[in-house]
Amino acid sequence: MIALLQRVSSAGVVVDGALVGAIDAGLMVLVCAERDDSEREADALLAKLLGYRVFSDEAGKMNRSVADVGGGLLLVPQFTLAADTRSGTRPSFTPAAPPEQGRRLFDHFVATARQRHPVVATGVFGADMKVSLTNDGPVTFWLQVRPPQTARTN
């Protein structure tokens with residue numbers, strides 16, 4: 001699974017003219033399930049995300065996580081993060097999970113996040129979303145958790 005996280009002072013998602021999710025200071029996270037992902041990768045990515053130290057301590061060093069500072073999480077599904085852009089001028093989305101699997105894993109990710117973190121807002125899977133944010137820093141990181149490699153047989 002992939003997460004593109006941005007430290008924000010605020011962020012929101014609008015669908016069909018209505019605000020569906022918003023946070024103040026925290027992390028806006030674009031979340032993508034890849035074809036071979038399972039709940040195992042979702043859980044590992046969430047653990048990494050909640051513990052990732054991107055907020056400043058008293059000395060100004062990135063030493064605090066979103067959990068440490070009590071920041072919000074805005075989780076937004078975005079399958080395009082899995083795009084293969086290595087050739088041509090049109091991306092291939094073959095690496096992305098099929099929609100049913102992507103929805104299931106995003107829903108699992110959100111439900112688990114809500115159990116582990118007090119402030120979680122979301123976008124809407126499959127919707128045309130308008131995402132706005134004020135990136136604080138700017139600070140942006142790409143996190144990825146891949147499934148274990150299967151043994152090859154000759």
# chains A, B, ... in the order shown; residues from 1 in each chain; ligands from 1
>>> residues_around(residues="Leu50 in chain A", least_positions_apart="2", cutoff="9 Å", atoms="only C-alpha atoms", output="list of chain:residue names")
A:Leu45, A:Leu46, A:Ala47, A:Lys48, A:Tyr52, A:Arg53, A:Ser65, A:Val66, A:Ala67, A:Asp68, A:Ala113, A:Arg116, A:His117
>>> write_last_selection(atoms="N, CA and C atoms", output="mmCIF file, in the first residue's frame")
data_model
loop_
_atom_site.group_PDB
_atom_site.id
_atom_site.type_symbol
_atom_site.label_atom_id
_atom_site.label_comp_id
_atom_site.auth_asym_id
_atom_site.auth_seq_id
_atom_site.Cartn_x
_atom_site.Cartn_y
_atom_site.Cartn_z
ATOM 1 N N LEU A 45 1.130 -0.172 7.105
ATOM 2 C CA LEU A 45 1.228 1.204 6.633
ATOM 3 C C LEU A 45 0.632 2.166 7.653
ATOM 4 N N LEU A 46 -0.506 1.808 8.237
ATOM 5 C CA LEU A 46 -1.120 2.674 9.239
ATOM 6 C C LEU A 46 -0.210 2.826 10.457
ATOM 7 N N ALA A 47 0.390 1.735 10.920
ATOM 8 C CA ALA A 47 1.298 1.813 12.065
ATOM 9 C C ALA A 47 2.467 2.744 11.756
ATOM 10 N N LYS A 48 3.004 2.616 10.560
ATOM 11 C CA LYS A 48 4.122 3.480 10.155
ATOM 12 C C LYS A 48 3.667 4.940 10.093
ATOM 13 N N TYR A 52 5.146 8.016 12.269
ATOM 14 C CA TYR A 52 6.131 8.737 11.462
ATOM 15 C C TYR A 52 6.347 10.134 12.030
ATOM 16 N N ARG A 53 7.584 10.466 12.304
ATOM 17 C CA ARG A 53 7.909 11.719 13.001
ATOM 18 C C ARG A 53 8.133 12.858 12.004
ATOM 19 N N SER A 65 5.306 12.518 16.129
ATOM 20 C CA SER A 65 4.350 11.936 15.189
ATOM 21 C C SER A 65 2.997 12.638 15.318
ATOM 22 N N VAL A 66 2.094 12.319 14.414
ATOM 23 C CA VAL A 66 0.735 12.860 14.488
ATOM 24 C C VAL A 66 0.066 12.402 15.776
ATOM 25 N N ALA A 67 0.372 11.201 16.229
ATOM 26 C CA ALA A 67 -0.177 10.717 17.503
ATOM 27 C C ALA A 67 0.385 11.527 18.666
ATOM 28 N N ASP A 68 1.679 11.852 18.618
ATOM 29 C CA ASP A 68 2.314 12.636 19.683
ATOM 30 C C ASP A 68 1.698 14.019 19.826
ATOM 31 N N ALA A 113 -7.799 3.045 11.628
ATOM 32 C CA ALA A 113 -7.311 4.370 12.031
ATOM 33 C C ALA A 113 -8.231 4.965 13.090
ATOM 34 N N ARG A 116 -7.526 3.644 16.460
ATOM 35 C CA ARG A 116 -6.207 3.968 17.007
ATOM 36 C C ARG A 116 -5.911 5.455 17.153
ATOM 37 N N HIS A 117 -6.743 6.309 16.542
ATOM 38 C CA HIS A 117 -6.451 7.748 16.543
ATOM 39 C C HIS A 117 -7.757 8.523 16.753
#
>>> closest_residue(among="A:Ala18, A:Met1, A:Leu27, A:Ala121", to="Pro138 in chain A", atoms="only C-alpha atoms")
A:Leu27
>>> select_by_dssp(residues="range 82-139 of chain A", states="strand (DSSP E or B)", output="VMD selection string")
chain A and resid 84 92 96 120 to 122 129 to 139
>>> select_by_dssp(residues="range 28-109 of chain A", states="helix (DSSP H, G or I)", output="compact mmCIF listing (two decimals) with C-alpha atoms, in the first residue's frame")
# COMPACT_ATOMS: atom_id res chain seq x y z
CA GLU A 39 -5.08 -6.09 5.42
CA ARG A 40 -1.55 -6.97 6.52
CA GLU A 41 -0.05 -4.20 4.36
CA ALA A 42 -2.82 -1.78 5.36
CA ASP A 43 -2.13 -2.38 9.08
CA ALA A 44 1.64 -2.03 8.61
CA LEU A 45 1.23 1.20 6.63
CA LEU A 46 -1.12 2.67 9.24
CA ALA A 47 1.30 1.81 12.07
CA LYS A 48 4.12 3.48 10.16
CA LEU A 49 1.97 6.51 9.37
CA LEU A 50 0.82 7.04 12.97
CA GLY A 51 4.39 6.80 14.25
CA VAL A 66 0.74 12.86 14.49
CA ALA A 67 -0.18 10.72 17.50
CA ASP A 68 2.31 12.64 19.68
CA VAL A 69 0.86 16.02 18.74
CA PHE A 79 -5.70 4.92 -6.86
CA THR A 80 -3.55 7.01 -9.22
CA LEU A 81 -0.62 6.75 -6.78
CA ALA A 82 -0.06 3.21 -8.10
CA PRO A 99 -12.00 -1.20 -7.26
CA GLU A 100 -13.64 -3.78 -4.94
CA GLN A 101 -10.32 -4.68 -3.31
CA GLY A 102 -9.27 -1.02 -3.12
CA ARG A 103 -12.53 -0.05 -1.40
CA ARG A 104 -12.28 -2.96 1.05
CA LEU A 105 -8.69 -2.08 2.00
CA PHE A 106 -9.41 1.66 2.24
CA ASP A 107 -12.43 0.95 4.47
CA HIS A 108 -10.26 -1.34 6.63
CA PHE A 109 -7.55 1.33 6.82
